[in-house]
Amino acid sequence: MRKHNADETCGIAQAAVVLGDWWNVLILREIARGHVRFDALAAEIGLSRNVLTERLGRLVANGVLHRKLYQRRPVRYEYVLTDAGVALLPLLVGMQDWGDRWVLGNGSLTATADADGAEHARMDALVGTRVPEDLQLPGTQGTDLPVISPDATATVLFTYPGTGVDWDERIPGVAGCTLENRLFRDAWPDFRRAGVDVRGVSTQLTYEQAEFARIEEIPYPLLSDAHHQLGAALRLPTFRGAGRLRHKRLILIVDAERTVRHAMFPVDDIPHAVTRSLRLAEDCARAA
């Protein structure tokens, strides 16, 4: 690849060399989603096996992916993100956010979504898929916690833009994060009686979430997706507000096998959504 001499000190140019082209970006997107084996990658992307082999080799050589042996006879590898690969996730989510707004959308800044839009269709398509195994995020208790509770018959996973933020009222759909958390807090005994766990997720830092949880006496974990691991894994809808890329409000009902059973998006009527999530989670727990 021919480069101008100045590109040697340009981080954008050097990153472009590593990412390469369309296919490399899609490979990283699918690995972030949990498709880490060769056959799964080939099926999801539709890339020829020879080209996929070559692209995976480049990403390994550039330190973005690591080959992890999972079978000896015959030898088979999984392709997992290195620290450098994980550090690319915010870039992928940022690309998705730009595409959702400026290519698939009309350019308006919003924390909600149209019922017939691309983000709504993408969240509907989550139903029946599985949340990647071993996906953990920093929690308000001071340790990393599984996104899906390993001990519950079902998990209600809800994402929200952020609490304690002086929101620009011109952004539709941002208000209500504190209300939503309070409603889940008040319904917490009902969720626990049903064997259901609750996880709240935002892109705020852990100390911000911990302070809010202390003041509001939140009994369930709040998880920080500041590095966009969950956002990239599920291709969650985002918007940029108050200086940060933030999750739009979404509620997922996930069973004990990490399969998404229900996806509620967009969430406009927060009290109704919390009540409905309890009913759907109870149904999911009874079916377990």
# chains A, B, ... in the order shown; residues from 1 in each chain; ligands from 1
>>> select_by_dssp(residues="region 133-211 of chain A", states="alpha helix (DSSP H)", output="JSON, numbers by chain")
{"A": [177, 178, 179, 180, 181, 182, 183, 184, 185, 186, 187, 188, 189, 190, 191, 192, 193, 206, 207, 208, 209, 210, 211]}
>>> closest_atom_pairs(of="region 83-182 of chain A", to="region 188-199 of chain A", cutoff="8 Å", atoms="only C-alpha atoms", output="JSON lines")
{"residue": "A:Val147", "atom": "CA", "partner": "A:Arg199", "partner_atom": "CA", "distance": 7.2}
{"residue": "A:Ile148", "atom": "CA", "partner": "A:Arg199", "partner_atom": "CA", "distance": 7.8}
{"residue": "A:Ser149", "atom": "CA", "partner": "A:Asp197", "partner_atom": "CA", "distance": 6.5}
{"residue": "A:Ala152", "atom": "CA", "partner": "A:Val196", "partner_atom": "CA", "distance": 5.4}
{"residue": "A:Thr153", "atom": "CA", "partner": "A:Gly195", "partner_atom": "CA", "distance": 5.7}
{"residue": "A:Ala154", "atom": "CA", "partner": "A:Val196", "partner_atom": "CA", "distance": 4.9}
{"residue": "A:Thr155", "atom": "CA", "partner": "A:Asp197", "partner_atom": "CA", "distance": 4.8}
{"residue": "A:Val156", "atom": "CA", "partner": "A:Val198", "partner_atom": "CA", "distance": 4.7}
{"residue": "A:Leu157", "atom": "CA", "partner": "A:Arg199", "partner_atom": "CA", "distance": 4.9}
{"residue": "A:Phe158", "atom": "CA", "partner": "A:Arg199", "partner_atom": "CA", "distance": 6.4}
>>> write_last_selection(atoms="N, CA, C and O atoms", output="CSV table (one decimal), in the first residue's frame")
chain,number,residue,atom,x,y,z
A,147,VAL,N,-23.1,-10.3,32.6
A,147,VAL,CA,-24.2,-9.5,32.1
A,147,VAL,C,-25.5,-10.2,32.3
A,147,VAL,O,-26.5,-9.6,32.7
A,148,ILE,N,-25.5,-11.5,32.2
A,148,ILE,CA,-26.6,-12.3,32.5
A,148,ILE,C,-26.4,-13.1,33.7
A,148,ILE,O,-25.4,-13.8,33.9
A,149,SER,N,-27.3,-13.0,34.7
A,149,SER,CA,-27.1,-13.7,36.0
A,149,SER,C,-27.0,-15.2,35.8
A,149,SER,O,-27.9,-15.8,35.2
A,152,ALA,N,-30.1,-17.0,38.1
A,152,ALA,CA,-31.5,-16.7,38.0
A,152,ALA,C,-32.1,-17.5,36.9
A,152,ALA,O,-31.5,-17.9,35.9
A,153,THR,N,-33.5,-17.7,36.9
A,153,THR,CA,-34.2,-18.4,35.9
A,153,THR,C,-34.4,-17.4,34.7
A,153,THR,O,-34.6,-17.9,33.5
A,154,ALA,N,-34.3,-16.1,34.9
A,154,ALA,CA,-34.3,-15.2,33.8
A,154,ALA,C,-33.7,-13.9,34.3
A,154,ALA,O,-33.6,-13.6,35.5
A,155,THR,N,-33.2,-13.1,33.4
A,155,THR,CA,-32.6,-11.8,33.7
A,155,THR,C,-33.3,-10.7,32.9
A,155,THR,O,-33.5,-10.8,31.7
A,156,VAL,N,-33.6,-9.6,33.6
A,156,VAL,CA,-34.1,-8.4,32.9
A,156,VAL,C,-32.9,-7.5,32.7
A,156,VAL,O,-32.3,-7.0,33.7
A,157,LEU,N,-32.5,-7.2,31.5
A,157,LEU,CA,-31.3,-6.4,31.2
A,157,LEU,C,-31.8,-5.1,30.6
A,157,LEU,O,-32.4,-5.2,29.5
A,158,PHE,N,-31.6,-4.0,31.3
A,158,PHE,CA,-32.1,-2.7,30.7
A,158,PHE,C,-31.0,-1.8,30.6
A,158,PHE,O,-30.1,-1.7,31.4
>>> atom_distance(atom1="CA of Arg49 (chain A)", atom2="CA of Glu133 (chain A)")
25.2 Å
>>> residues_around(residues="Ala273 (chain A)", least_positions_apart="4", cutoff="10 Å", atoms="only C-alpha atoms", output="ChimeraX atom specification")
/A:180,183,250-251,264-269,277-279
>>> write_last_selection(atoms="N, CA, C and O atoms", output="PDB file, in the first residue's frame")
ATOM      1  N   GLU A 180     -36.850   5.310  35.889  1.00  0.00           N
ATOM      2  CA  GLU A 180     -36.789   3.905  35.502  1.00  0.00           C
ATOM      3  C   GLU A 180     -36.091   3.080  36.575  1.00  0.00           C
ATOM      4  O   GLU A 180     -36.567   2.005  36.966  1.00  0.00           O
ATOM      5  N   LEU A 183     -38.344   2.668  39.604  1.00  0.00           N
ATOM      6  CA  LEU A 183     -39.440   1.718  39.383  1.00  0.00           C
ATOM      7  C   LEU A 183     -38.931   0.276  39.452  1.00  0.00           C
ATOM      8  O   LEU A 183     -39.588  -0.600  40.023  1.00  0.00           O
ATOM      9  N   LEU A 250     -33.621   0.568  26.445  1.00  0.00           N
ATOM     10  CA  LEU A 250     -33.974  -0.742  25.900  1.00  0.00           C
ATOM     11  C   LEU A 250     -34.139  -1.713  27.054  1.00  0.00           C
ATOM     12  O   LEU A 250     -33.439  -1.604  28.066  1.00  0.00           O
ATOM     13  N   ILE A 251     -35.072  -2.671  26.932  1.00  0.00           N
ATOM     14  CA  ILE A 251     -35.230  -3.723  27.936  1.00  0.00           C
ATOM     15  C   ILE A 251     -35.220  -5.077  27.231  1.00  0.00           C
ATOM     16  O   ILE A 251     -35.976  -5.293  26.284  1.00  0.00           O
ATOM     17  N   MET A 264     -37.742  -5.030  24.167  1.00  0.00           N
ATOM     18  CA  MET A 264     -38.660  -3.899  24.234  1.00  0.00           C
ATOM     19  C   MET A 264     -37.902  -2.643  23.829  1.00  0.00           C
ATOM     20  O   MET A 264     -37.039  -2.150  24.571  1.00  0.00           O
ATOM     21  N   PHE A 265     -38.204  -2.146  22.630  1.00  0.00           N
ATOM     22  CA  PHE A 265     -37.523  -0.970  22.101  1.00  0.00           C
ATOM     23  C   PHE A 265     -38.341  -0.378  20.969  1.00  0.00           C
ATOM     24  O   PHE A 265     -38.830  -1.118  20.121  1.00  0.00           O
ATOM     25  N   PRO A 266     -38.515   0.933  20.933  1.00  0.00           N
ATOM     26  CA  PRO A 266     -38.067   1.896  21.943  1.00  0.00           C
ATOM     27  C   PRO A 266     -38.950   1.840  23.189  1.00  0.00           C
ATOM     28  O   PRO A 266     -40.083   1.356  23.138  1.00  0.00           O
ATOM     29  N   VAL A 267     -38.428   2.340  24.303  1.00  0.00           N
ATOM     30  CA  VAL A 267     -39.170   2.404  25.562  1.00  0.00           C
ATOM     31  C   VAL A 267     -39.593   3.856  25.769  1.00  0.00           C
ATOM     32  O   VAL A 267     -38.777   4.702  26.120  1.00  0.00           O
ATOM     33  N   ASP A 268     -40.852   4.130  25.515  1.00  0.00           N
ATOM     34  CA  ASP A 268     -41.382   5.479  25.661  1.00  0.00           C
ATOM     35  C   ASP A 268     -42.196   5.634  26.942  1.00  0.00           C
ATOM     36  O   ASP A 268     -42.063   6.636  27.648  1.00  0.00           O
ATOM     37  N   ASP A 269     -43.024   4.640  27.247  1.00  0.00           N
ATOM     38  CA  ASP A 269     -43.823   4.646  28.472  1.00  0.00           C
ATOM     39  C   ASP A 269     -43.073   3.818  29.511  1.00  0.00           C
ATOM     40  O   ASP A 269     -43.211   2.593  29.575  1.00  0.00           O
ATOM     41  N   SER A 277     -42.145  -5.783  31.733  1.00  0.00           N
ATOM     42  CA  SER A 277     -40.926  -6.595  31.831  1.00  0.00           C
ATOM     43  C   SER A 277     -41.040  -7.606  32.970  1.00  0.00           C
ATOM     44  O   SER A 277     -40.552  -8.739  32.846  1.00  0.00           O
ATOM     45  N   LEU A 278     -41.695  -7.227  34.077  1.00  0.00           N
ATOM     46  CA  LEU A 278     -41.906  -8.155  35.179  1.00  0.00           C
ATOM     47  C   LEU A 278     -42.808  -9.302  34.738  1.00  0.00           C
ATOM     48  O   LEU A 278     -42.510 -10.476  35.009  1.00  0.00           O
ATOM     49  N   ARG A 279     -43.879  -8.995  34.043  1.00  0.00           N
ATOM     50  CA  ARG A 279     -44.798 -10.036  33.594  1.00  0.00           C
ATOM     51  C   ARG A 279     -44.115 -10.996  32.602  1.00  0.00           C
ATOM     52  O   ARG A 279     -44.243 -12.221  32.712  1.00  0.00           O
TER      53      ARG A 279
END
>>> atom_distance(atom1="CA of Leu26 (chain A)", atom2="CA of Thr110 (chain A)")
25.9 Å
>>> select_by_dssp(residues="region 122-288 of chain A", states="strand (DSSP E or B)", output="JSON, numbers by chain")
{"A": [130, 136, 137, 138, 139, 144, 145, 146, 154, 155, 156, 157, 158, 159, 196, 197, 198, 199, 200, 201, 202, 222, 223, 224, 238, 239, 240, 241, 244, 245, 246, 247, 250, 251, 252, 253, 254, 255, 259, 260, 261, 262, 263, 264]}
>>> write_last_selection(atoms="C-alpha atoms", output="mmCIF file, in the first residue's frame")
data_model
loop_
_atom_site.group_PDB
_atom_site.id
_atom_site.type_symbol
_atom_site.label_atom_id
_atom_site.label_comp_id
_atom_site.auth_asym_id
_atom_site.auth_seq_id
_atom_site.Cartn_x
_atom_site.Cartn_y
_atom_site.Cartn_z
ATOM 1 C CA ARG A 130 -27.855 -15.653 22.566
ATOM 2 C CA GLN A 136 -18.752 -9.429 31.999
ATOM 3 C CA LEU A 137 -18.819 -5.738 32.876
ATOM 4 C CA PRO A 138 -17.611 -3.721 35.892
ATOM 5 C CA GLY A 139 -20.338 -3.495 38.529
ATOM 6 C CA ASP A 144 -16.822 -7.546 37.182
ATOM 7 C CA LEU A 145 -20.181 -9.299 36.952
ATOM 8 C CA PRO A 146 -21.782 -11.440 34.249
ATOM 9 C CA ALA A 154 -34.341 -15.160 33.825
ATOM 10 C CA THR A 155 -32.588 -11.792 33.677
ATOM 11 C CA VAL A 156 -34.094 -8.409 32.878
ATOM 12 C CA LEU A 157 -31.320 -6.409 31.227
ATOM 13 C CA PHE A 158 -32.117 -2.748 30.722
ATOM 14 C CA THR A 159 -29.962 -0.049 29.190
ATOM 15 C CA VAL A 196 -35.661 -13.177 38.152
ATOM 16 C CA ASP A 197 -32.586 -10.946 38.360
ATOM 17 C CA VAL A 198 -32.227 -7.388 37.103
ATOM 18 C CA ARG A 199 -29.185 -5.686 35.569
ATOM 19 C CA GLY A 200 -29.014 -2.002 34.627
ATOM 20 C CA VAL A 201 -26.409 -0.895 32.074
ATOM 21 C CA SER A 202 -25.171 2.524 30.997
ATOM 22 C CA LEU A 222 -25.563 -1.403 37.713
ATOM 23 C CA LEU A 223 -22.964 -2.314 35.093
ATOM 24 C CA SER A 224 -20.640 0.036 33.224
ATOM 25 C CA THR A 238 -26.706 4.642 20.812
ATOM 26 C CA PHE A 239 -26.666 8.426 20.611
ATOM 27 C CA ARG A 240 -24.081 11.030 21.548
ATOM 28 C CA GLY A 241 -25.173 13.204 24.462
ATOM 29 C CA ARG A 244 -20.363 10.646 25.626
ATOM 30 C CA LEU A 245 -21.721 7.887 23.415
ATOM 31 C CA ARG A 246 -24.722 6.556 25.351
ATOM 32 C CA HIS A 247 -27.160 3.680 25.162
ATOM 33 C CA LEU A 250 -33.974 -0.742 25.900
ATOM 34 C CA ILE A 251 -35.230 -3.723 27.936
ATOM 35 C CA LEU A 252 -34.275 -7.333 27.175
ATOM 36 C CA ILE A 253 -35.729 -10.438 28.828
ATOM 37 C CA VAL A 254 -33.063 -13.165 28.728
ATOM 38 C CA ASP A 255 -33.489 -16.773 29.897
ATOM 39 C CA THR A 259 -31.260 -16.537 24.904
ATOM 40 C CA VAL A 260 -33.098 -13.261 24.358
ATOM 41 C CA ARG A 261 -36.822 -13.994 24.700
ATOM 42 C CA HIS A 262 -38.203 -10.463 24.440
ATOM 43 C CA ALA A 263 -36.841 -7.100 23.297
ATOM 44 C CA MET A 264 -38.660 -3.899 24.234
#
>>> closest_residue(among="A:Gly162, A:Leu41, A:Gly46, A:Val60", to="Leu19 (chain A)", atoms="only C-alpha atoms")
A:Val60
>>> closest_residue(among="A:Gly11, A:Gly94, A:Pro74, A:Gly63", to="Gly231 (chain A)", atoms="only C-alpha atoms")
A:Gly94
>>> atom_distance(atom1="CA of Ile12 (chain A)", atom2="CA of Asn106 (chain A)")
27.4 Å
>>> closest_residue(among="A:Tyr160, A:Phe38, A:Tyr207, A:Tyr77", to="Arg249 (chain A)", atoms="only C-alpha atoms")
A:Tyr160
>>> closest_residue(among="A:Pro150, A:Ala15, A:Arg235, A:Tyr220", to="Glu30 (chain A)", atoms="only C-alpha atoms")
A:Arg235
>>> closest_residue(among="A:Val165, A:Arg67, A:Gln141, A:Leu126", to="Ala210 (chain A)", atoms="only C-alpha atoms")
A:Gln141
>>> closest_residue(among="A:Asp97, A:Leu59, A:Lys68, A:Pro132", to="Ala233 (chain A)", atoms="only C-alpha atoms")
A:Pro132
